[in-house]
file my_file.txt (compact mmCIF, N, CA and C atoms)
# COMPACT_ATOMS: atom_id res chain seq x y z
N MET A 1 -36.44 -4.21 -24.49
CA MET A 1 -35.43 -5.23 -24.79
C MET A 1 -34.08 -4.58 -25.07
N CYS A 2 -34.08 -3.53 -25.90
CA CYS A 2 -32.83 -2.84 -26.21
C CYS A 2 -32.19 -2.25 -24.96
N ASP A 3 -33.03 -1.73 -24.06
CA ASP A 3 -32.50 -1.16 -22.82
C ASP A 3 -31.79 -2.21 -21.98
N VAL A 4 -32.34 -3.41 -21.95
CA VAL A 4 -31.72 -4.50 -21.19
C VAL A 4 -30.38 -4.87 -21.82
N ILE A 5 -30.35 -4.97 -23.13
CA ILE A 5 -29.10 -5.31 -23.84
C ILE A 5 -28.05 -4.23 -23.60
N HIS A 6 -28.46 -2.97 -23.71
CA HIS A 6 -27.52 -1.86 -23.48
C HIS A 6 -27.00 -1.88 -22.04
N ALA A 7 -27.87 -2.18 -21.09
CA ALA A 7 -27.45 -2.25 -19.69
C ALA A 7 -26.45 -3.38 -19.49
N MET A 8 -26.69 -4.52 -20.13
CA MET A 8 -25.76 -5.65 -20.01
C MET A 8 -24.41 -5.31 -20.64
N ILE A 9 -24.44 -4.64 -21.78
CA ILE A 9 -23.19 -4.24 -22.44
C ILE A 9 -22.44 -3.25 -21.56
N ASP A 10 -23.15 -2.26 -21.03
CA ASP A 10 -22.52 -1.27 -20.16
C ASP A 10 -21.89 -1.94 -18.93
N GLU A 11 -22.60 -2.91 -18.37
CA GLU A 11 -22.07 -3.62 -17.19
C GLU A 11 -20.81 -4.41 -17.56
N GLY A 12 -20.82 -5.04 -18.72
CA GLY A 12 -19.64 -5.78 -19.17
C GLY A 12 -18.46 -4.88 -19.43
N VAL A 13 -18.72 -3.73 -20.03
CA VAL A 13 -17.65 -2.77 -20.29
C VAL A 13 -17.06 -2.27 -18.98
N GLU A 14 -17.91 -1.95 -18.03
CA GLU A 14 -17.45 -1.47 -16.72
C GLU A 14 -16.63 -2.54 -16.01
N ARG A 15 -17.10 -3.77 -16.05
CA ARG A 15 -16.36 -4.87 -15.41
C ARG A 15 -14.99 -5.04 -16.07
N GLY A 16 -14.95 -4.98 -17.40
CA GLY A 16 -13.68 -5.09 -18.12
C GLY A 16 -12.74 -3.96 -17.77
N PHE A 17 -13.29 -2.75 -17.67
CA PHE A 17 -12.48 -1.60 -17.30
C PHE A 17 -11.88 -1.79 -15.91
N GLN A 18 -12.69 -2.22 -14.96
CA GLN A 18 -12.21 -2.41 -13.59
C GLN A 18 -11.13 -3.49 -13.52
N GLU A 19 -11.33 -4.59 -14.25
CA GLU A 19 -10.33 -5.66 -14.26
C GLU A 19 -9.02 -5.17 -14.87
N GLY A 20 -9.11 -4.41 -15.96
CA GLY A 20 -7.91 -3.85 -16.59
C GLY A 20 -7.21 -2.86 -15.69
N PHE A 21 -7.99 -2.05 -15.00
CA PHE A 21 -7.43 -1.07 -14.08
C PHE A 21 -6.67 -1.77 -12.96
N GLN A 22 -7.26 -2.80 -12.38
CA GLN A 22 -6.60 -3.54 -11.30
C GLN A 22 -5.32 -4.22 -11.79
N LYS A 23 -5.37 -4.78 -12.99
CA LYS A 23 -4.17 -5.42 -13.56
C LYS A 23 -3.07 -4.38 -13.77
N GLY A 24 -3.43 -3.20 -14.27
CA GLY A 24 -2.45 -2.13 -14.48
C GLY A 24 -1.83 -1.66 -13.17
N LYS A 25 -2.65 -1.55 -12.13
CA LYS A 25 -2.12 -1.15 -10.82
C LYS A 25 -1.10 -2.17 -10.32
N LEU A 26 -1.43 -3.44 -10.46
CA LEU A 26 -0.53 -4.49 -10.00
C LEU A 26 0.78 -4.47 -10.79
N GLU A 27 0.70 -4.25 -12.09
CA GLU A 27 1.91 -4.17 -12.91
C GLU A 27 2.78 -2.99 -12.48
N GLY A 28 2.14 -1.85 -12.18
CA GLY A 28 2.88 -0.68 -11.71
C GLY A 28 3.57 -0.93 -10.37
N ILE A 29 2.88 -1.60 -9.49
CA ILE A 29 3.47 -1.94 -8.19
C ILE A 29 4.67 -2.86 -8.39
N ASN A 30 4.52 -3.84 -9.27
CA ASN A 30 5.62 -4.77 -9.53
C ASN A 30 6.82 -4.06 -10.14
N LEU A 31 6.59 -3.10 -11.03
CA LEU A 31 7.70 -2.32 -11.60
C LEU A 31 8.43 -1.54 -10.53
N ALA A 32 7.67 -0.87 -9.68
CA ALA A 32 8.29 -0.08 -8.60
C ALA A 32 9.08 -1.00 -7.67
N ASN A 33 8.52 -2.14 -7.34
CA ASN A 33 9.23 -3.08 -6.47
C ASN A 33 10.52 -3.56 -7.11
N ARG A 34 10.50 -3.83 -8.40
CA ARG A 34 11.71 -4.28 -9.11
C ARG A 34 12.77 -3.17 -9.07
N LEU A 35 12.35 -1.92 -9.31
CA LEU A 35 13.28 -0.79 -9.23
C LEU A 35 13.88 -0.69 -7.83
N PHE A 36 13.05 -0.77 -6.82
CA PHE A 36 13.54 -0.66 -5.44
C PHE A 36 14.51 -1.79 -5.11
N GLU A 37 14.22 -2.98 -5.60
CA GLU A 37 15.12 -4.11 -5.38
C GLU A 37 16.50 -3.84 -6.01
N ILE A 38 16.50 -3.31 -7.23
CA ILE A 38 17.76 -2.99 -7.91
C ILE A 38 18.54 -1.94 -7.12
N LEU A 39 17.84 -0.89 -6.70
CA LEU A 39 18.51 0.19 -5.97
C LEU A 39 19.08 -0.31 -4.64
N LEU A 40 18.35 -1.15 -3.95
CA LEU A 40 18.85 -1.71 -2.69
C LEU A 40 20.05 -2.62 -2.93
N ASP A 41 19.98 -3.43 -3.98
CA ASP A 41 21.11 -4.31 -4.31
C ASP A 41 22.37 -3.51 -4.62
N GLU A 42 22.19 -2.35 -5.24
CA GLU A 42 23.32 -1.47 -5.56
C GLU A 42 23.81 -0.69 -4.34
N GLY A 43 22.99 -0.67 -3.31
CA GLY A 43 23.32 0.14 -2.14
C GLY A 43 23.03 1.61 -2.36
N SER A 44 22.16 1.91 -3.31
CA SER A 44 21.83 3.30 -3.67
C SER A 44 20.69 3.81 -2.79
N MET A 45 20.97 4.00 -1.52
CA MET A 45 19.93 4.42 -0.58
C MET A 45 19.38 5.81 -0.88
N ASP A 46 20.24 6.73 -1.32
CA ASP A 46 19.76 8.07 -1.65
C ASP A 46 18.77 8.01 -2.81
N LYS A 47 19.11 7.24 -3.84
CA LYS A 47 18.19 7.08 -4.98
C LYS A 47 16.90 6.40 -4.52
N PHE A 48 17.05 5.37 -3.69
CA PHE A 48 15.89 4.64 -3.19
C PHE A 48 14.95 5.58 -2.43
N LYS A 49 15.50 6.34 -1.50
CA LYS A 49 14.67 7.25 -0.69
C LYS A 49 13.97 8.27 -1.57
N ARG A 50 14.71 8.86 -2.51
CA ARG A 50 14.11 9.87 -3.38
C ARG A 50 13.04 9.25 -4.28
N ALA A 51 13.30 8.04 -4.79
CA ALA A 51 12.34 7.38 -5.68
C ALA A 51 11.03 7.05 -4.97
N THR A 52 11.08 6.84 -3.66
CA THR A 52 9.85 6.54 -2.93
C THR A 52 8.97 7.78 -2.75
N LYS A 53 9.57 8.96 -2.91
CA LYS A 53 8.83 10.20 -2.66
C LYS A 53 8.57 11.05 -3.91
N ASP A 54 9.39 10.88 -4.94
CA ASP A 54 9.35 11.74 -6.12
C ASP A 54 8.95 10.92 -7.35
N GLU A 55 7.70 11.09 -7.77
CA GLU A 55 7.16 10.30 -8.88
C GLU A 55 7.93 10.53 -10.18
N ASP A 56 8.28 11.78 -10.48
CA ASP A 56 9.01 12.08 -11.71
C ASP A 56 10.39 11.42 -11.70
N TYR A 57 11.06 11.49 -10.57
CA TYR A 57 12.38 10.86 -10.44
C TYR A 57 12.26 9.35 -10.58
N ARG A 58 11.24 8.77 -9.96
CA ARG A 58 11.02 7.32 -10.06
C ARG A 58 10.81 6.93 -11.52
N TYR A 59 10.05 7.71 -12.25
CA TYR A 59 9.81 7.45 -13.67
C TYR A 59 11.12 7.49 -14.46
N GLU A 60 11.96 8.48 -14.17
CA GLU A 60 13.26 8.57 -14.85
C GLU A 60 14.13 7.35 -14.54
N LEU A 61 14.11 6.91 -13.30
CA LEU A 61 14.88 5.72 -12.93
C LEU A 61 14.34 4.47 -13.62
N LEU A 62 13.04 4.36 -13.73
CA LEU A 62 12.45 3.22 -14.44
C LEU A 62 12.94 3.17 -15.88
N LYS A 63 13.05 4.34 -16.50
CA LYS A 63 13.59 4.39 -17.87
C LYS A 63 15.08 4.09 -17.87
N GLU A 64 15.81 4.69 -16.94
CA GLU A 64 17.27 4.51 -16.87
C GLU A 64 17.65 3.03 -16.71
N TYR A 65 16.88 2.31 -15.91
CA TYR A 65 17.16 0.90 -15.67
C TYR A 65 16.44 -0.02 -16.66
N HIS A 66 15.87 0.58 -17.69
CA HIS A 66 15.21 -0.16 -18.79
C HIS A 66 14.08 -1.06 -18.28
N LEU A 67 13.37 -0.57 -17.30
CA LEU A 67 12.21 -1.32 -16.79
C LEU A 67 10.94 -0.94 -17.54
N ILE A 68 10.99 0.22 -18.19
CA ILE A 68 9.88 0.64 -19.06
C ILE A 68 10.45 1.12 -20.38
call {"tool": "encode", "arguments": {"input": "my_file.txt", "output": "structure tokens"}}
result
Amino acid sequence: MCDVIHAMIDEGVERGFQEGFQKGKLEGINLANRLFEILLDEGSMDKFKRATKDEDYRYELLKEYHLI
């Protein structure tokens, strides 16, 4: 009986983890899209191009534009 309960708990935890992970991925995509929209509106093509390739630079821009 305990094994069944533990298995059900483990399954619930895994499902919750997966749902949270997917939600986090979507939020990250939305942040990047918002940053890219801002850069394009500004006409900052050099920043845009670099941000699509350089994760550290993209993170700095997200902070600079107060998106995170």
call {"tool": "atom_distance", "arguments": {"input": "my_file.txt", "atom1": "atom CA of A:Leu26", "atom2": "atom C of A:Leu67"}}
result
14.2 Å
call {"tool": "residues_around", "arguments": {"input": "my_file.txt", "residues": "stretch 43-59 of chain A", "least_positions_apart": "4", "cutoff": "12 Å", "atoms": "only C-alpha atoms", "output": "ChimeraX atom specification"}}
result
/A:28-29,31-39,63-68
call {"tool": "write_last_selection", "arguments": {"input": "my_file.txt", "atoms": "N, CA and C atoms", "output": "JSON list (two decimals), in the frame of the given file"}}
result
[["chain", "number", "residue", "atom", "x", "y", "z"],
["A", 28, "GLY", "N", 2.14, -1.85, -12.18],
["A", 28, "GLY", "CA", 2.88, -0.68, -11.71],
["A", 28, "GLY", "C", 3.57, -0.93, -10.37],
["A", 29, "ILE", "N", 2.88, -1.60, -9.49],
["A", 29, "ILE", "CA", 3.47, -1.94, -8.19],
["A", 29, "ILE", "C", 4.67, -2.86, -8.39],
["A", 31, "LEU", "N", 6.59, -3.10, -11.03],
["A", 31, "LEU", "CA", 7.70, -2.32, -11.60],
["A", 31, "LEU", "C", 8.43, -1.54, -10.53],
["A", 32, "ALA", "N", 7.67, -0.87, -9.68],
["A", 32, "ALA", "CA", 8.29, -0.08, -8.60],
["A", 32, "ALA", "C", 9.08, -1.00, -7.67],
["A", 33, "ASN", "N", 8.52, -2.14, -7.34],
["A", 33, "ASN", "CA", 9.23, -3.08, -6.47],
["A", 33, "ASN", "C", 10.52, -3.56, -7.11],
["A", 34, "ARG", "N", 10.50, -3.83, -8.40],
["A", 34, "ARG", "CA", 11.71, -4.28, -9.11],
["A", 34, "ARG", "C", 12.77, -3.17, -9.07],
["A", 35, "LEU", "N", 12.35, -1.92, -9.31],
["A", 35, "LEU", "CA", 13.28, -0.79, -9.23],
["A", 35, "LEU", "C", 13.88, -0.69, -7.83],
["A", 36, "PHE", "N", 13.05, -0.77, -6.82],
["A", 36, "PHE", "CA", 13.54, -0.66, -5.44],
["A", 36, "PHE", "C", 14.51, -1.79, -5.11],
["A", 37, "GLU", "N", 14.22, -2.98, -5.60],
["A", 37, "GLU", "CA", 15.12, -4.11, -5.38],
["A", 37, "GLU", "C", 16.50, -3.84, -6.01],
["A", 38, "ILE", "N", 16.50, -3.31, -7.23],
["A", 38, "ILE", "CA", 17.76, -2.99, -7.91],
["A", 38, "ILE", "C", 18.54, -1.94, -7.12],
["A", 39, "LEU", "N", 17.84, -0.89, -6.70],
["A", 39, "LEU", "CA", 18.51, 0.19, -5.97],
["A", 39, "LEU", "C", 19.08, -0.31, -4.64],
["A", 63, "LYS", "N", 13.05, 4.34, -16.50],
["A", 63, "LYS", "CA", 13.59, 4.39, -17.87],
["A", 63, "LYS", "C", 15.08, 4.09, -17.87],
["A", 64, "GLU", "N", 15.81, 4.69, -16.94],
["A", 64, "GLU", "CA", 17.27, 4.51, -16.87],
["A", 64, "GLU", "C", 17.65, 3.03, -16.71],
["A", 65, "TYR", "N", 16.88, 2.31, -15.91],
["A", 65, "TYR", "CA", 17.16, 0.90, -15.67],
["A", 65, "TYR", "C", 16.44, -0.02, -16.66],
["A", 66, "HIS", "N", 15.87, 0.58, -17.69],
["A", 66, "HIS", "CA", 15.21, -0.16, -18.79],
["A", 66, "HIS", "C", 14.08, -1.06, -18.28],
["A", 67, "LEU", "N", 13.37, -0.57, -17.30],
["A", 67, "LEU", "CA", 12.21, -1.32, -16.79],
["A", 67, "LEU", "C", 10.94, -0.94, -17.54],
["A", 68, "ILE", "N", 10.99, 0.22, -18.19],
["A", 68, "ILE", "CA", 9.88, 0.64, -19.06],
["A", 68, "ILE", "C", 10.45, 1.12, -20.38]]
call {"tool": "atom_distance", "arguments": {"input": "my_file.txt", "atom1": "atom N of A:Glu27", "atom2": "atom CA of A:Glu14"}}
result
18.9 Å
call {"tool": "atom_distance", "arguments": {"input": "my_file.txt", "atom1": "atom N of A:Ile5", "atom2": "atom CA of A:Gln18"}}
result
20.7 Å
call {"tool": "axis_aligned_box", "arguments": {"input": "my_file.txt", "around": "stretch 30-45 of chain A", "padding_each_side": "3 Å", "output": "JSON"}}
result
{"center_x": 14.2, "center_y": 0.5, "center_z": -6.1, "size_x": 25.3, "size_y": 16.6, "size_z": 17.0}
